[in-house]
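First up is the structure itself, then whatever we jot down about it.
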Amino acid sequence: MTLLLNIIVGFFRFWYDFLIGDCWQIALGVACVMGGLAFALRTGLIAPVLHGDEITSPWIPLAAGSAMLLLIVFSVVIEFTAKMRK
Amino acid sequence: MLSPEIIALMTAVFVASIVEAVEAFTIVLAMGLTREWRSTIFGTLGGLVTLAIVTSGIGITLSRLTASILGSTEALLQFIIGILLLVFGLQWLRKAILRATGLKAVHDEDAIFRREQEAARRAGTETKFGLDWFAFVVSYKGVFLEGMEVVFIVITFGLQAQRNLTPHAMLFAAASAMLAVLLVGFAGAFAHKPLSAVPENTMKFAVALLLSTFGVFWSVEGLGYFSARRQSLEWPIGDWGLLLVFAAWLLVSWLTVAVLKPLALRDALVSTPTTAGEKP
């Protein structure tokens with residue numbers, strides 16, 4: 001039982017370290033931004049424009065892209081300020 | 001004629017594979033020179049075989065799964081892969097920026113090599129199955145863990161490129177990875193020392209930029225799944241959006257480094273190159 005538990009814990013720890021690593025704020029930020037945009041699209045708060053058979057939107061790429069750029073700057077600044085305090 | 005997507009895929013996989021292979025080679029070389037070569041080679045081969053099994057297992061399963069379950073919902077697949085690449089790529093990019101500003105120690109293969117040799121000398125002598133167990137396990141883990149990052153890139157990129165009607169994208173990706181591993185193997189065998197001349201930190205920066213670019217591009221396209229029409233969202237400027245996103249990542253990364261580096265130097269926060277054996 002303990003061995004099985006260790007294997008399960010080890011499996012999830014490996015994937016947590018692999019994907020999320022030492023800055024969980026990035027994963028949380030991506031989830032919030034993309035989840036928020038998905039929710040807004042699903043509920044019709046924002047709607048893409050129909051262009052022939054395709055759908056497009058200037059605002060969704062702009063919002064998602066800008067948020068991701070801010071997220072990376074934010075995560076680096078967090079590290080910088082943490083080092084400053086030490 | 002290779003599509004831009006395949007060229008980007010092969011470049012990202014090739015560069016990432018070079019970086020990871022150099023890191024794995026340092027560990028293998030340290031074990032081989034300090035402990036003994038037979039166990040080290042067995043460990044290395046074991047790691048490579050495990051990677052091949054994992055890659056083909058996950059790749060085939062995901063290909064079939066996505067074809068059967070997500071067959072009619074390509075946008076959802078784009079969204080999932082985009083998010084995975086984005087989270088993974090942003091971790092790489094964050095560390096690359098921190099290294100460029102000096103806030104994080106840069107990878108120094110010579111220092112890592114010395115540390116691994118020291119650990120190998122201190123370790124006890126345990127023999128299992130006729131092998132020096134320490135040399136076997138360290139080589140196996142080194143090759144497997146370094147390789148997993150490449151496997152992740154091969155599978156996510158390859159799967160998405162394949163969905164975009166580029167047949168055999170996964171094969172192209174795997175071939176790039178194998179070419180990189182062979183190149184590093186030959187260079188390492190010839191040099192017989194850690195390949196510290198390879199500009200690993202710059203290469204990691206480039207891979208991080210590519211992963212983040214495709215992550216944003218595909219996750220935004222995949223967001224269309226949540227609209228009423230449940231189809232991929234097209235970027236207003238089409239595939240040129242990729243170049244725009246790449247340029248934006250490059251500019252913001254450069255600006256962040258340009259602003260923070262002098263501040264870090266002024267406040268003496270700069271980390272000296274040490275044994276940064278961590279990921280990525």
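Ordered as shown in the structure tokens, chains take letters A, B, and onward, while each chain numbers its residues from 1 and ligands are numbered from 1 in the order shown.
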
Enumerate as number ranges by chain the residues belonging to chain A that approach chain B to within 8 Å, with only C-alpha atoms taken into account. A: 19-21, 23, 26-27, 30, 34, 37-39, 41-42, 44, 47-48, 54-58, 60-61, 64-65, 68-69, 72-73, 75-76, 80, 83-84

Emit the selected residues as a PDB file, in the first residue's frame, including C-alpha atoms.
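Final output, again10.pdb:
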ATOM      1  CA  LEU A  19       5.100  21.302 -16.054  1.00  0.00           C
ATOM      2  CA  ILE A  20       4.686  23.794 -13.243  1.00  0.00           C
ATOM      3  CA  GLY A  21       8.189  23.868 -11.799  1.00  0.00           C
ATOM      4  CA  CYS A  23       6.884  29.225 -10.360  1.00  0.00           C
ATOM      5  CA  ILE A  26       2.773  31.160 -14.316  1.00  0.00           C
ATOM      6  CA  ALA A  27       0.480  28.116 -14.475  1.00  0.00           C
ATOM      7  CA  VAL A  30      -2.252  31.019 -17.822  1.00  0.00           C
ATOM      8  CA  MET A  34      -7.291  31.399 -20.876  1.00  0.00           C
ATOM      9  CA  LEU A  37     -11.436  34.121 -22.146  1.00  0.00           C
ATOM     10  CA  ALA A  38     -12.980  30.673 -22.697  1.00  0.00           C
ATOM     11  CA  PHE A  39     -15.741  31.523 -20.207  1.00  0.00           C
ATOM     12  CA  LEU A  41     -16.644  33.207 -25.284  1.00  0.00           C
ATOM     13  CA  ARG A  42     -18.878  30.408 -23.986  1.00  0.00           C
ATOM     14  CA  GLY A  44     -21.330  35.212 -25.236  1.00  0.00           C
ATOM     15  CA  ALA A  47     -18.110  37.051 -29.672  1.00  0.00           C
ATOM     16  CA  PRO A  48     -15.824  36.465 -32.641  1.00  0.00           C
ATOM     17  CA  GLU A  54     -14.015  31.377 -40.571  1.00  0.00           C
ATOM     18  CA  ILE A  55     -14.305  33.122 -37.250  1.00  0.00           C
ATOM     19  CA  THR A  56     -11.828  35.772 -36.196  1.00  0.00           C
ATOM     20  CA  SER A  57     -11.344  38.514 -33.633  1.00  0.00           C
ATOM     21  CA  PRO A  58      -8.711  41.210 -33.207  1.00  0.00           C
ATOM     22  CA  ILE A  60      -8.977  37.947 -28.292  1.00  0.00           C
ATOM     23  CA  PRO A  61      -5.378  37.489 -29.599  1.00  0.00           C
ATOM     24  CA  ALA A  64      -4.402  36.813 -24.545  1.00  0.00           C
ATOM     25  CA  GLY A  65      -1.017  37.862 -25.956  1.00  0.00           C
ATOM     26  CA  MET A  68       0.935  36.456 -21.348  1.00  0.00           C
ATOM     27  CA  LEU A  69       3.590  39.130 -21.877  1.00  0.00           C
ATOM     28  CA  ILE A  72       6.248  36.693 -17.814  1.00  0.00           C
ATOM     29  CA  VAL A  73       7.359  40.178 -16.740  1.00  0.00           C
ATOM     30  CA  SER A  75       7.001  36.395 -12.747  1.00  0.00           C
ATOM     31  CA  VAL A  76      10.505  37.779 -13.335  1.00  0.00           C
ATOM     32  CA  PHE A  80      13.820  40.067  -8.580  1.00  0.00           C
ATOM     33  CA  LYS A  83      16.172  38.507  -4.188  1.00  0.00           C
ATOM     34  CA  MET A  84      16.188  42.193  -3.217  1.00  0.00           C
TER      35      MET A  84
END

Close residues, Ala119 of chain B itself excluded, 10 Å, only C-alpha atoms, min 5 positions apart in chain, as a ChimeraX atom specification: /B:30-31,34,113-114,124,134

Residue list (strand (DSSP E or B), DSSP) for chain A, as number ranges by chain: A: 49-51, 54-56

Going by DSSP on the backbone, which bits of segment 4-70 of chain A are alpha helix (DSSP H)? Write them as a VMD selection string, please. chain A and resid 4 to 19 24 to 42 59 to 70

Quick check, in Å to one decimal: how far apart do atom CA of Gly57 of chain B and atom CA of Val154 of chain B lie? 12.9 Å

Within 10 Å of Thr50 of chain B, counting only C-alpha atoms, which residues qualify if same-chain residues fewer than 2 places away don't, as a PyMOL selection string? chain B and resi 44-48+52-56+140+143-144+147-148

Go ahead and write the selection's residues with C-alpha atoms as a PDB file, in the first residue's frame.
ATOM      1  CA  THR B  44      22.645   5.358 -21.078  1.00  0.00           C
ATOM      2  CA  LEU B  45      21.186   2.708 -23.385  1.00  0.00           C
ATOM      3  CA  GLY B  46      18.510   1.907 -20.791  1.00  0.00           C
ATOM      4  CA  GLY B  47      17.533   5.590 -20.635  1.00  0.00           C
ATOM      5  CA  LEU B  48      17.381   5.843 -24.441  1.00  0.00           C
ATOM      6  CA  ALA B  52      11.827   5.473 -27.147  1.00  0.00           C
ATOM      7  CA  ILE B  53       9.135   3.333 -25.486  1.00  0.00           C
ATOM      8  CA  VAL B  54       7.584   6.333 -23.719  1.00  0.00           C
ATOM      9  CA  THR B  55       7.636   8.447 -26.895  1.00  0.00           C
ATOM     10  CA  SER B  56       6.070   5.807 -29.110  1.00  0.00           C
ATOM     11  CA  TYR B 140      19.935   6.180 -16.712  1.00  0.00           C
ATOM     12  CA  VAL B 143      19.487  10.482 -19.997  1.00  0.00           C
ATOM     13  CA  PHE B 144      15.826   9.809 -19.194  1.00  0.00           C
ATOM     14  CA  GLY B 147      15.239  13.392 -22.737  1.00  0.00           C
ATOM     15  CA  MET B 148      11.726  13.757 -21.321  1.00  0.00           C
TER      16      MET B 148
END

Mind checking which residues fall within 9 Å of Ala67 of chain A, counting only C-alpha atoms, ignoring those fewer than 4 positions away in the same chain, and posting them as a list in words? Gly29, Val30, Val33, Leu62, Ala63, Leu71 and Ile72 of chain A

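Computed from the coordinates, the atom CA of Ala175 of chain B to atom CA of Glu5 of chain B distance equals 15.5 Å.
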
Please measure the separation of atom CA of Gly35 of chain A and atom CA of Leu76 of chain B, giving the value in Å to one decimal.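 Between these atoms lies a distance of 12.9 Å.
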
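Closest approach to Ile155 of chain B among B:Arg266, B:Val106, B:Phe186, B:Thr61: B:Thr61, based on only C-alpha atoms.
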